[in-house]
$ cat model22.cif   # mmCIF, C-alpha atoms and all ligand atoms
data_work
#
loop_
_atom_site.label_atom_id
_atom_site.label_comp_id
_atom_site.auth_asym_id
_atom_site.auth_seq_id
_atom_site.Cartn_x
_atom_site.Cartn_y
_atom_site.Cartn_z
CA MET O 720 -39.82 19.30 -137.79
CA ALA O 721 -39.87 18.61 -141.55
CA LEU O 722 -39.97 14.99 -142.59
CA ARG O 723 -36.88 13.81 -144.44
CA CYS O 724 -37.49 10.77 -146.61
CA GLN O 725 -35.43 9.25 -149.44
CA ILE O 726 -36.58 6.38 -151.61
CA PHE O 727 -34.18 4.00 -153.38
CA ARG O 728 -35.54 1.47 -155.84
CA ASP O 729 -33.84 -1.77 -156.93
CA THR O 730 -31.04 -1.26 -154.48
CA VAL O 731 -30.32 -3.43 -151.52
CA PRO O 732 -28.98 -1.75 -148.39
CA LYS O 733 -25.87 -3.14 -146.80
CA ILE O 734 -27.61 -4.81 -143.89
CA GLN O 735 -29.50 -7.05 -146.30
CA LYS O 736 -26.70 -7.80 -148.69
CA HIS O 737 -23.48 -7.28 -146.78
CA PRO O 738 -24.40 -7.03 -143.08
CA ARG O 739 -20.71 -7.05 -142.09
CA LYS O 740 -20.19 -3.79 -143.95
CA CYS O 741 -23.02 -1.96 -142.18
CA LYS O 742 -21.38 0.61 -139.86
CA HIS O 743 -21.51 -0.47 -136.24
CA LYS O 744 -19.84 0.88 -133.16
CA LYS O 745 -18.14 -1.28 -130.57
CA LYS O 746 -20.44 0.20 -127.92
CA ASP O 747 -23.63 -0.75 -129.81
CA ILE O 748 -26.26 -2.67 -127.87
CA ILE O 749 -28.40 -4.18 -130.63
CA LEU O 750 -31.81 -5.83 -130.61
CA ASP O 751 -32.70 -8.23 -133.43
CA ALA O 752 -36.49 -8.43 -133.22
CA GLY O 753 -37.80 -11.61 -134.86
CA CYS O 754 -34.28 -13.01 -135.11
CA GLY O 755 -35.39 -16.41 -136.47
CA THR O 756 -32.42 -18.76 -136.77
CA GLY O 757 -30.00 -16.05 -135.64
CA PHE O 758 -28.38 -15.32 -139.00
CA PHE O 759 -28.22 -11.56 -138.37
CA CYS O 760 -27.53 -11.92 -134.63
CA LYS O 761 -24.36 -13.82 -135.44
CA ILE O 762 -23.10 -11.22 -137.89
CA LEU O 763 -24.08 -8.30 -135.66
CA SER O 764 -22.39 -9.87 -132.62
CA GLU O 765 -19.06 -9.71 -134.44
CA LYS O 766 -19.28 -5.91 -134.53
CA ALA O 767 -21.27 -4.80 -131.50
CA LYS O 768 -20.84 -4.78 -127.74
CA PHE O 769 -23.91 -6.94 -127.19
CA VAL O 770 -26.74 -8.37 -129.27
CA ILE O 771 -30.06 -9.66 -128.04
CA GLY O 772 -32.21 -11.69 -130.41
CA ILE O 773 -35.86 -12.20 -129.60
CA ASP O 774 -38.23 -14.50 -131.41
CA GLY O 775 -41.67 -15.96 -130.76
CA SER O 776 -40.72 -19.44 -131.97
CA LYS O 777 -38.91 -21.92 -129.74
CA ASN O 778 -37.88 -23.96 -132.79
CA MET O 779 -36.23 -20.97 -134.46
CA LEU O 780 -34.43 -20.09 -131.25
CA GLN O 781 -33.09 -23.61 -130.89
CA ILE O 782 -31.38 -23.29 -134.26
CA ALA O 783 -30.19 -19.78 -133.35
CA LYS O 784 -28.74 -21.11 -130.08
CA LYS O 785 -26.54 -23.54 -131.99
CA ARG O 786 -25.45 -20.84 -134.42
CA LEU O 787 -24.52 -18.51 -131.55
CA SER O 788 -22.93 -21.12 -129.31
CA GLY O 789 -19.48 -19.49 -129.59
CA SER O 790 -20.69 -15.90 -129.19
CA ILE O 791 -20.20 -14.59 -125.66
CA ASN O 792 -21.84 -11.22 -126.39
CA ALA O 793 -25.18 -12.52 -127.68
CA GLN O 794 -28.31 -13.61 -125.90
CA LEU O 795 -31.54 -15.13 -127.18
CA ILE O 796 -34.95 -14.62 -125.59
CA LEU O 797 -38.32 -16.18 -126.35
CA ALA O 798 -40.60 -13.14 -126.57
CA ASP O 799 -43.40 -11.50 -128.50
CA VAL O 800 -42.31 -8.35 -130.34
CA ASP O 801 -45.55 -6.70 -129.21
CA TYR O 802 -44.54 -7.11 -125.55
CA LEU O 803 -40.77 -6.67 -125.46
CA PRO O 804 -39.35 -7.59 -122.06
CA PHE O 805 -37.10 -4.52 -121.88
CA LEU O 806 -37.20 -1.11 -120.26
CA SER O 807 -37.55 1.87 -122.62
CA GLN O 808 -34.56 3.42 -124.42
CA LYS O 809 -32.10 0.56 -123.93
CA PHE O 810 -30.80 -0.18 -127.46
CA THR O 811 -28.58 1.84 -129.82
CA LYS O 812 -29.86 -0.11 -132.84
CA VAL O 813 -32.84 -2.32 -133.56
CA PHE O 814 -33.05 -4.59 -136.58
CA SER O 815 -36.21 -6.37 -137.55
CA VAL O 816 -35.72 -8.29 -140.77
CA THR O 817 -38.84 -9.68 -142.51
CA LEU O 818 -40.87 -9.84 -139.32
CA LEU O 819 -43.41 -7.10 -139.89
CA GLN O 820 -45.52 -8.92 -142.48
CA ASN O 821 -46.07 -11.76 -139.98
CA VAL O 822 -47.51 -9.77 -137.07
CA PRO O 823 -51.24 -9.00 -136.67
CA VAL O 824 -50.85 -5.22 -136.15
CA PRO O 825 -47.50 -3.94 -137.49
CA GLN O 826 -47.99 -0.49 -135.90
CA LYS O 827 -48.21 -2.11 -132.47
CA SER O 828 -44.95 -3.99 -133.05
CA LEU O 829 -43.27 -0.83 -134.35
CA LYS O 830 -44.41 1.09 -131.28
CA GLU O 831 -42.61 -1.47 -129.11
CA ILE O 832 -39.52 -1.46 -131.31
CA PHE O 833 -39.22 2.32 -131.15
CA ARG O 834 -39.99 2.36 -127.41
CA VAL O 835 -36.86 0.37 -126.59
CA CYS O 836 -34.55 2.57 -128.72
CA LYS O 837 -32.30 5.19 -127.22
CA LYS O 838 -32.24 8.73 -128.62
CA ASN O 839 -30.02 9.03 -131.74
CA SER O 840 -30.38 5.35 -132.47
CA LEU O 841 -31.15 3.53 -135.70
CA VAL O 842 -34.09 1.27 -136.50
CA VAL O 843 -33.98 -0.96 -139.57
CA VAL O 844 -37.15 -2.81 -140.52
CA SER O 845 -37.89 -4.86 -143.58
CA ALA O 846 -40.98 -6.66 -144.82
CA LEU O 847 -41.97 -8.85 -147.72
CA LYS O 848 -43.26 -6.50 -150.35
CA LYS O 849 -46.11 -8.78 -151.44
CA LYS O 850 -47.64 -8.22 -147.96
CA ILE O 851 -46.55 -4.65 -147.12
CA ASN O 852 -45.80 -2.23 -149.95
CA LEU O 853 -43.45 0.74 -149.94
CA MET O 854 -46.20 3.29 -149.30
CA GLU O 855 -47.64 1.28 -146.43
CA LEU O 856 -44.22 0.96 -144.82
CA TYR O 857 -43.62 4.67 -145.32
CA GLN O 858 -46.91 5.55 -143.63
CA MET O 859 -46.20 3.27 -140.69
CA LEU O 860 -42.70 4.63 -140.14
CA THR O 861 -43.59 8.33 -140.33
CA GLU O 862 -45.44 7.87 -137.04
CA PHE O 863 -42.13 7.17 -135.34
CA SER O 864 -39.32 8.88 -137.26
CA ASP O 865 -38.66 12.16 -139.07
CA ALA O 866 -35.70 10.85 -141.04
CA ILE O 867 -36.36 7.77 -143.13
CA GLN O 868 -34.57 6.05 -146.00
CA LEU O 869 -36.70 3.56 -147.89
CA PHE O 870 -35.34 0.81 -150.11
CA GLU O 871 -37.21 -1.49 -152.42
CA ASN O 872 -35.92 -4.52 -154.25
CA GLN O 873 -37.65 -7.45 -155.95
CA GLU O 874 -38.84 -9.04 -152.71
CA ASP O 875 -38.48 -6.63 -149.82
CA VAL O 876 -39.23 -3.15 -148.65
CA ILE O 877 -36.73 -1.83 -146.12
CA GLY O 878 -36.77 1.27 -143.93
CA PHE O 879 -33.77 2.84 -142.18
CA CYS O 880 -35.06 5.26 -139.53
CA SER O 881 -33.21 7.67 -137.30
CA VAL O 882 -34.63 7.99 -133.83
CA GLU O 883 -34.22 11.53 -132.50
C1 LIG M 901 -39.33 -14.56 -142.00
S1 LIG M 901 -38.65 -14.93 -140.42
C2 LIG M 901 -37.25 -13.84 -140.41
C3 LIG M 901 -36.18 -14.31 -139.48
C4 LIG M 901 -34.89 -13.44 -139.45
N1 LIG M 901 -35.18 -12.07 -139.11
C5 LIG M 901 -34.16 -13.51 -140.77
O1 LIG M 901 -34.26 -12.58 -141.57
O2 LIG M 901 -33.46 -14.52 -141.00
C6 LIG M 901 -39.80 -14.12 -139.32
C7 LIG M 901 -39.54 -14.45 -137.85
O3 LIG M 901 -40.42 -13.67 -137.04
C8 LIG M 901 -40.84 -14.46 -135.94
N2 LIG M 901 -42.08 -13.88 -135.41
C9 LIG M 901 -43.31 -13.84 -136.00
N3 LIG M 901 -44.18 -13.20 -135.21
C10 LIG M 901 -43.49 -12.83 -134.08
C11 LIG M 901 -43.84 -12.12 -132.89
N4 LIG M 901 -45.08 -11.66 -132.71
N5 LIG M 901 -42.89 -11.91 -131.98
C12 LIG M 901 -41.63 -12.37 -132.16
N6 LIG M 901 -41.23 -13.03 -133.26
C13 LIG M 901 -42.15 -13.26 -134.20
C14 LIG M 901 -40.99 -15.86 -136.53
O4 LIG M 901 -40.94 -16.85 -135.52
C15 LIG M 901 -39.81 -15.91 -137.49
O5 LIG M 901 -38.65 -16.43 -136.86
#
$ encode --input "model22.cif" --output "structure tokens"
Amino acid sequence: MALRCQIFRDTVPKIQKHPRKCKHKKKDIILDAGCGTGFFCKILSEKAKFVIGIDGSKNMLQIAKKRLSGSINAQLILADVDYLPFLSQKFTKVFSVTLLQNVPVPQKSLKEIFRVCKKNSLVVVSALKKKINLMELYQMLTEFSDAIQLFENQEDVIGFCSVE
């Protein structure tokens, strides 16, 4: 199948700027990989059926736990993105916001992220551009998706990928 890729410069996609406006379905089961203090988990939980945030740092998760204390459809798990504790094809969306530049082998993390996605799902990954540039992100993502939208702003590179 032909690769479909669009590049947008100096624009910020909605999940970065206005996460509430990003289209979600009530039946979405979302993974936030590298959720940190749970900022995105909280917002996503308002729109989705269930959100799971995973992070490798206990300290981050403690803050996230407080933030999500009133959210009955969100769960936090201490886990390494390279060894996700989930069966394959379980999530309708996976977000991973500024995690990729922190892991030793981004391709390995991406392989795990895409493994847990259902067919016809969406994967959104961003990285700090000073560590991973647009071309590098593009090359990594083409291994896993045929339909990619890439965004670049002053600090981040962001990929929206359809999983078919
Ligand atoms: C820059 S923070 C971003 C946090 C959050 N996504 C946000 O945008 O607010 C990166 C997060 O990735 C987590 N992290 C780094 N390596 C990880 C790994 N191998 N597995 C899981 N989480 C990891 C860190 O603990 C940190 O919370």
$ residues_around --input "model22.cif" --residues "O:Phe810" --least-positions-apart "5" --cutoff "9 Å" --atoms "only C-alpha atoms" --output "ChimeraX atom specification"
/O:747-750,835-837,840
$ residues_near_ligand --input "model22.cif" --ligand "ligand LIG 901 (chain M)" --cutoff "7 Å" --atoms "all atoms listed in the file" --output "list of chain:residue names"
O:Ala752, O:Gly753, O:Cys754, O:Gly755, O:Thr756, O:Gly757, O:Phe758, O:Phe759, O:Ile773, O:Asp774, O:Gly775, O:Ser776, O:Met779, O:Ala798, O:Asp799, O:Val800, O:Asp801, O:Ser815, O:Val816, O:Thr817, O:Leu818, O:Asn821, O:Val822
$ write_last_selection --input "model22.cif" --atoms "C-alpha atoms" --output "tab-separated table (two decimals), keeping the file's coordinate frame"
chain	number	residue	atom	x	y	z
O	752	ALA	CA	-36.49	-8.43	-133.22
O	753	GLY	CA	-37.80	-11.61	-134.86
O	754	CYS	CA	-34.28	-13.01	-135.11
O	755	GLY	CA	-35.39	-16.41	-136.47
O	756	THR	CA	-32.42	-18.76	-136.77
O	757	GLY	CA	-30.00	-16.05	-135.64
O	758	PHE	CA	-28.38	-15.32	-139.00
O	759	PHE	CA	-28.22	-11.56	-138.37
O	773	ILE	CA	-35.86	-12.20	-129.60
O	774	ASP	CA	-38.23	-14.50	-131.41
O	775	GLY	CA	-41.67	-15.96	-130.76
O	776	SER	CA	-40.72	-19.44	-131.97
O	779	MET	CA	-36.23	-20.97	-134.46
O	798	ALA	CA	-40.60	-13.14	-126.57
O	799	ASP	CA	-43.40	-11.50	-128.50
O	800	VAL	CA	-42.31	-8.35	-130.34
O	801	ASP	CA	-45.55	-6.70	-129.21
O	815	SER	CA	-36.21	-6.37	-137.55
O	816	VAL	CA	-35.72	-8.29	-140.77
O	817	THR	CA	-38.84	-9.68	-142.51
O	818	LEU	CA	-40.87	-9.84	-139.32
O	821	ASN	CA	-46.07	-11.76	-139.98
O	822	VAL	CA	-47.51	-9.77	-137.07
$ closest_residue --input "model22.cif" --among "O:Ile791, O:Leu803, O:Val813, O:Val844" --to "O:Tyr857" --atoms "all atoms listed in the file"
O:Val844
$ atom_distance --input "model22.cif" --atom1 "atom CA of O:Asn839" --atom2 "atom CA of O:Val770"
17.9 Å
$ atom_distance --input "model22.cif" --atom1 "atom CA of O:Gly878" --atom2 "atom CA of O:Lys848"
12.0 Å
$ axis_aligned_box --input "model22.cif" --around "stretch 754-759 of chain O" --padding-each-side "3 Å" --output "AutoDock Vina command-line options"
--center_x -31.8 --center_y -15.2 --center_z -137.1 --size_x 13.2 --size_y 13.2 --size_z 9.9
$ residues_around --input "model22.cif" --residues "O:Phe727" --least-positions-apart "5" --cutoff "7 Å" --atoms "only C-alpha atoms" --output "list in words"
Leu869, Phe870 and Glu871 of chain O
$ build_atoms --input "model22.cif" --residues "stretch 803-836 of chain O" --atoms "N, CA and C atoms" --output "compact mmCIF listing (two decimals), keeping the file's coordinate frame"
# COMPACT_ATOMS: atom_id res chain seq x y z
N LEU O 803 -42.21 -6.45 -125.66
CA LEU O 803 -40.77 -6.67 -125.46
C LEU O 803 -40.42 -6.58 -123.97
N PRO O 804 -39.66 -7.56 -123.50
CA PRO O 804 -39.35 -7.59 -122.06
C PRO O 804 -38.16 -6.71 -121.69
N PHE O 805 -38.20 -5.45 -122.14
CA PHE O 805 -37.10 -4.52 -121.88
C PHE O 805 -37.65 -3.18 -121.41
N LEU O 806 -36.84 -2.48 -120.62
CA LEU O 806 -37.20 -1.11 -120.26
C LEU O 806 -37.06 -0.23 -121.50
N SER O 807 -37.63 0.95 -121.46
CA SER O 807 -37.55 1.87 -122.62
C SER O 807 -36.14 2.40 -122.80
N GLN O 808 -35.83 2.75 -124.05
CA GLN O 808 -34.56 3.42 -124.42
C GLN O 808 -33.31 2.65 -123.97
N LYS O 809 -33.23 1.40 -124.34
CA LYS O 809 -32.10 0.56 -123.93
C LYS O 809 -31.15 0.23 -125.08
N PHE O 810 -31.61 0.31 -126.34
CA PHE O 810 -30.80 -0.18 -127.46
C PHE O 810 -30.31 0.97 -128.35
N THR O 811 -29.10 0.82 -128.89
CA THR O 811 -28.58 1.84 -129.82
C THR O 811 -28.98 1.53 -131.26
N LYS O 812 -29.35 0.27 -131.51
CA LYS O 812 -29.86 -0.11 -132.84
C LYS O 812 -30.89 -1.23 -132.67
N VAL O 813 -31.91 -1.19 -133.50
CA VAL O 813 -32.84 -2.32 -133.56
C VAL O 813 -33.01 -2.74 -135.01
N PHE O 814 -32.80 -4.02 -135.26
CA PHE O 814 -33.05 -4.59 -136.58
C PHE O 814 -34.25 -5.49 -136.49
N SER O 815 -35.09 -5.44 -137.50
CA SER O 815 -36.21 -6.37 -137.55
C SER O 815 -36.38 -6.75 -139.03
N VAL O 816 -35.83 -7.90 -139.35
CA VAL O 816 -35.72 -8.29 -140.77
C VAL O 816 -36.82 -9.30 -141.11
N THR O 817 -37.68 -8.89 -142.03
CA THR O 817 -38.84 -9.68 -142.51
C THR O 817 -39.68 -10.29 -141.38
N LEU O 818 -39.94 -9.45 -140.40
CA LEU O 818 -40.87 -9.84 -139.32
C LEU O 818 -42.23 -9.20 -139.54
N LEU O 819 -42.21 -7.94 -139.94
CA LEU O 819 -43.41 -7.10 -139.89
C LEU O 819 -44.62 -7.67 -140.62
N GLN O 820 -44.37 -8.39 -141.73
CA GLN O 820 -45.52 -8.92 -142.48
C GLN O 820 -46.17 -10.11 -141.77
N ASN O 821 -45.54 -10.59 -140.70
CA ASN O 821 -46.07 -11.76 -139.98
C ASN O 821 -46.88 -11.40 -138.73
N VAL O 822 -46.83 -10.12 -138.33
CA VAL O 822 -47.51 -9.77 -137.07
C VAL O 822 -48.91 -9.25 -137.36
N PRO O 823 -49.84 -9.40 -136.40
CA PRO O 823 -51.24 -9.00 -136.67
C PRO O 823 -51.40 -7.49 -136.87
N VAL O 824 -50.72 -6.68 -136.03
CA VAL O 824 -50.85 -5.22 -136.15
C VAL O 824 -49.43 -4.61 -136.19
N PRO O 825 -48.89 -4.42 -137.39
CA PRO O 825 -47.50 -3.94 -137.49
C PRO O 825 -47.23 -2.66 -136.70
N GLN O 826 -48.21 -1.75 -136.64
CA GLN O 826 -47.99 -0.49 -135.90
C GLN O 826 -47.72 -0.76 -134.42
N LYS O 827 -48.40 -1.77 -133.88
CA LYS O 827 -48.21 -2.11 -132.47
C LYS O 827 -46.78 -2.62 -132.25
N SER O 828 -46.31 -3.46 -133.16
CA SER O 828 -44.95 -3.99 -133.05
C SER O 828 -43.94 -2.85 -133.19
N LEU O 829 -44.19 -1.95 -134.15
CA LEU O 829 -43.27 -0.83 -134.35
C LEU O 829 -43.22 0.07 -133.12
N LYS O 830 -44.38 0.26 -132.48
CA LYS O 830 -44.41 1.09 -131.28
C LYS O 830 -43.47 0.51 -130.21
N GLU O 831 -43.49 -0.80 -130.06
CA GLU O 831 -42.61 -1.47 -129.11
C GLU O 831 -41.15 -1.34 -129.52
N ILE O 832 -40.89 -1.56 -130.80
CA ILE O 832 -39.52 -1.46 -131.31
C ILE O 832 -38.94 -0.07 -131.05
N PHE O 833 -39.73 0.96 -131.34
CA PHE O 833 -39.22 2.32 -131.15
C PHE O 833 -39.17 2.69 -129.66
N ARG O 834 -40.02 2.09 -128.86
CA ARG O 834 -39.99 2.36 -127.41
C ARG O 834 -38.64 1.99 -126.80
N VAL O 835 -38.08 0.86 -127.25
CA VAL O 835 -36.86 0.37 -126.59
C VAL O 835 -35.58 1.01 -127.15
N CYS O 836 -35.71 1.91 -128.12
CA CYS O 836 -34.55 2.57 -128.72
C CYS O 836 -34.13 3.79 -127.94
